[in-house]
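**Q** The following block contains the structure, expressed as structure tokens.
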Amino acid sequence: PSASIRRRRGFALVDAIVAGLLLAVGLAAIISLGSRALSLQQRGEREVVAASLLDETLATVLMEGPADYPKLHSMSGVFDEPFSAFEYEVSIEDGAPGVPFRVEVVVRHESGDSYRCETLIAPKLGEEPDPPRQPLEPIDREAALLEQSAEDQP
């Protein structure tokens, strides 16, 4: 074989090696991005669940009243299934008369992530342990919706 044919074969071999290296680098980058995306998705799911658990716990404190909550519920523990990977801790500081309670809820995941929310909640008024919380007049949502849709139409 002549020298020019050998050079072309050598160039083709170098070309194939460079293409293989570029392909390997590209595949490694894609696999790395896929792994990172999966990790971020799992973290996002944990954060959504933790936010929901924080909201539920604070809503329970609000519903029961900050003064009665410690008598009715544990101030720390593990959530029921399917959320047993999360634990909670509730802290309620009583304010002076006329000052709302400071309520803090911390939710921790077994991975070590911690989520915290703090708010102020006024005490329940009145002597009733659980006053009724319903409107004075019944709400007719269907009639309100029909009225709104009639206004929106020309």
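Letters for chains follow the order of the structure tokens (A, B, ...), residue numbers begin at 1 for each chain, and ligand numbers begin at 1 in the order shown.
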Please provide the set of residues having any atom within 10 Å of Asp94 of chain A, restricted to only C-alpha atoms, with same-chain residues fewer than 4 positions apart removed, written as a list in words.
**A** Pro66, Ala67, Val99, Pro100, Phe101, Arg102, Val103, Ile121, Ala122 and Pro123 of chain A
**Q** Store the residues picked out above in a file with N, CA and C atoms, as a PDB file, in the first residue's frame.
**A**
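File result_1.pdb, as written:
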ATOM      1  N   PRO A  66     -54.313  26.917  70.857  1.00  0.00           N
ATOM      2  CA  PRO A  66     -52.958  26.705  71.351  1.00  0.00           C
ATOM      3  C   PRO A  66     -52.884  26.343  72.831  1.00  0.00           C
ATOM      4  N   ALA A  67     -53.878  26.739  73.609  1.00  0.00           N
ATOM      5  CA  ALA A  67     -53.862  26.391  75.038  1.00  0.00           C
ATOM      6  C   ALA A  67     -54.260  24.934  75.254  1.00  0.00           C
ATOM      7  N   VAL A  99     -51.622  38.991  74.181  1.00  0.00           N
ATOM      8  CA  VAL A  99     -50.540  38.692  73.243  1.00  0.00           C
ATOM      9  C   VAL A  99     -50.759  37.272  72.720  1.00  0.00           C
ATOM     10  N   PRO A 100     -50.673  37.047  71.405  1.00  0.00           N
ATOM     11  CA  PRO A 100     -50.919  35.705  70.865  1.00  0.00           C
ATOM     12  C   PRO A 100     -49.823  34.710  71.251  1.00  0.00           C
ATOM     13  N   PHE A 101     -50.171  33.442  71.136  1.00  0.00           N
ATOM     14  CA  PHE A 101     -49.216  32.360  71.366  1.00  0.00           C
ATOM     15  C   PHE A 101     -48.236  32.315  70.195  1.00  0.00           C
ATOM     16  N   ARG A 102     -46.967  32.027  70.486  1.00  0.00           N
ATOM     17  CA  ARG A 102     -45.984  31.799  69.423  1.00  0.00           C
ATOM     18  C   ARG A 102     -45.907  30.289  69.225  1.00  0.00           C
ATOM     19  N   VAL A 103     -46.245  29.848  68.033  1.00  0.00           N
ATOM     20  CA  VAL A 103     -46.281  28.415  67.729  1.00  0.00           C
ATOM     21  C   VAL A 103     -45.221  28.118  66.680  1.00  0.00           C
ATOM     22  N   ILE A 121     -50.655  32.637  66.985  1.00  0.00           N
ATOM     23  CA  ILE A 121     -52.055  32.215  66.994  1.00  0.00           C
ATOM     24  C   ILE A 121     -52.706  32.776  68.250  1.00  0.00           C
ATOM     25  N   ALA A 122     -53.812  33.468  68.045  1.00  0.00           N
ATOM     26  CA  ALA A 122     -54.544  34.039  69.174  1.00  0.00           C
ATOM     27  C   ALA A 122     -55.276  32.931  69.919  1.00  0.00           C
ATOM     28  N   PRO A 123     -55.470  33.089  71.227  1.00  0.00           N
ATOM     29  CA  PRO A 123     -56.210  32.077  71.988  1.00  0.00           C
ATOM     30  C   PRO A 123     -57.687  32.090  71.593  1.00  0.00           C
TER      31      PRO A 123
END
**Q** Write out as an NGL selection string which residues come within 10 Å of Ser114 of chain A when counting only C-alpha atoms, dropping same-chain ones fewer than 3 positions away.
**A** :A and (47 or 50 or 86-88 or 106-111)
**Q** Let's have the selection written as a tab-separated table (two decimals), in the first residue's frame, with N, CA, C and O atoms.
**A**
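New file out.tsv:
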chain	number	residue	atom	x	y	z
A	47	GLU	N	-40.10	17.89	50.08
A	47	GLU	CA	-40.46	19.24	50.51
A	47	GLU	C	-41.96	19.48	50.42
A	47	GLU	O	-42.54	20.13	51.30
A	50	ALA	N	-43.45	17.58	53.37
A	50	ALA	CA	-43.13	18.28	54.62
A	50	ALA	C	-43.98	19.54	54.77
A	50	ALA	O	-44.48	19.81	55.87
A	86	PHE	N	-41.11	10.89	58.50
A	86	PHE	CA	-41.06	12.25	59.03
A	86	PHE	C	-41.39	12.25	60.52
A	86	PHE	O	-42.27	11.52	60.96
A	87	GLU	N	-40.69	13.06	61.28
A	87	GLU	CA	-41.01	13.26	62.70
A	87	GLU	C	-41.30	14.74	62.91
A	87	GLU	O	-40.91	15.59	62.09
A	88	TYR	N	-41.99	15.05	63.99
A	88	TYR	CA	-42.39	16.44	64.24
A	88	TYR	C	-42.08	16.84	65.67
A	88	TYR	O	-41.92	16.00	66.55
A	106	VAL	N	-41.58	22.02	63.75
A	106	VAL	CA	-40.41	21.55	63.01
A	106	VAL	C	-40.70	20.14	62.54
A	106	VAL	O	-41.13	19.29	63.33
A	107	VAL	N	-40.52	19.91	61.25
A	107	VAL	CA	-40.70	18.58	60.66
A	107	VAL	C	-39.34	18.14	60.12
A	107	VAL	O	-38.69	18.88	59.39
A	108	ARG	N	-38.91	16.94	60.50
A	108	ARG	CA	-37.62	16.41	60.05
A	108	ARG	C	-37.83	15.12	59.28
A	108	ARG	O	-38.65	14.29	59.67
A	109	HIS	N	-37.06	14.99	58.21
A	109	HIS	CA	-37.09	13.75	57.42
A	109	HIS	C	-35.92	12.89	57.84
A	109	HIS	O	-34.88	13.41	58.31
A	110	GLU	N	-36.04	11.59	57.66
A	110	GLU	CA	-34.97	10.69	58.08
A	110	GLU	C	-33.67	10.92	57.30
A	110	GLU	O	-32.61	10.49	57.72
A	111	SER	N	-33.76	11.63	56.18
A	111	SER	CA	-32.55	11.95	55.40
A	111	SER	C	-31.73	13.06	56.06
A	111	SER	O	-30.62	13.33	55.64
**Q** Rank nothing, just name the residue among A:Tyr115, A:Asp68, A:Val18, A:Asp80 nearest to Val48 of chain A, using only C-alpha atoms.
**A**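 For Val48 of chain A, the nearest of the candidates is A:Tyr115.
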**Q** May I have the residues within 9 Å of Ser74 of chain A as a ChimeraX atom specification, using only C-alpha atoms and disregarding those fewer than 5 positions away in the same chain?
**A** /A:69,89-90
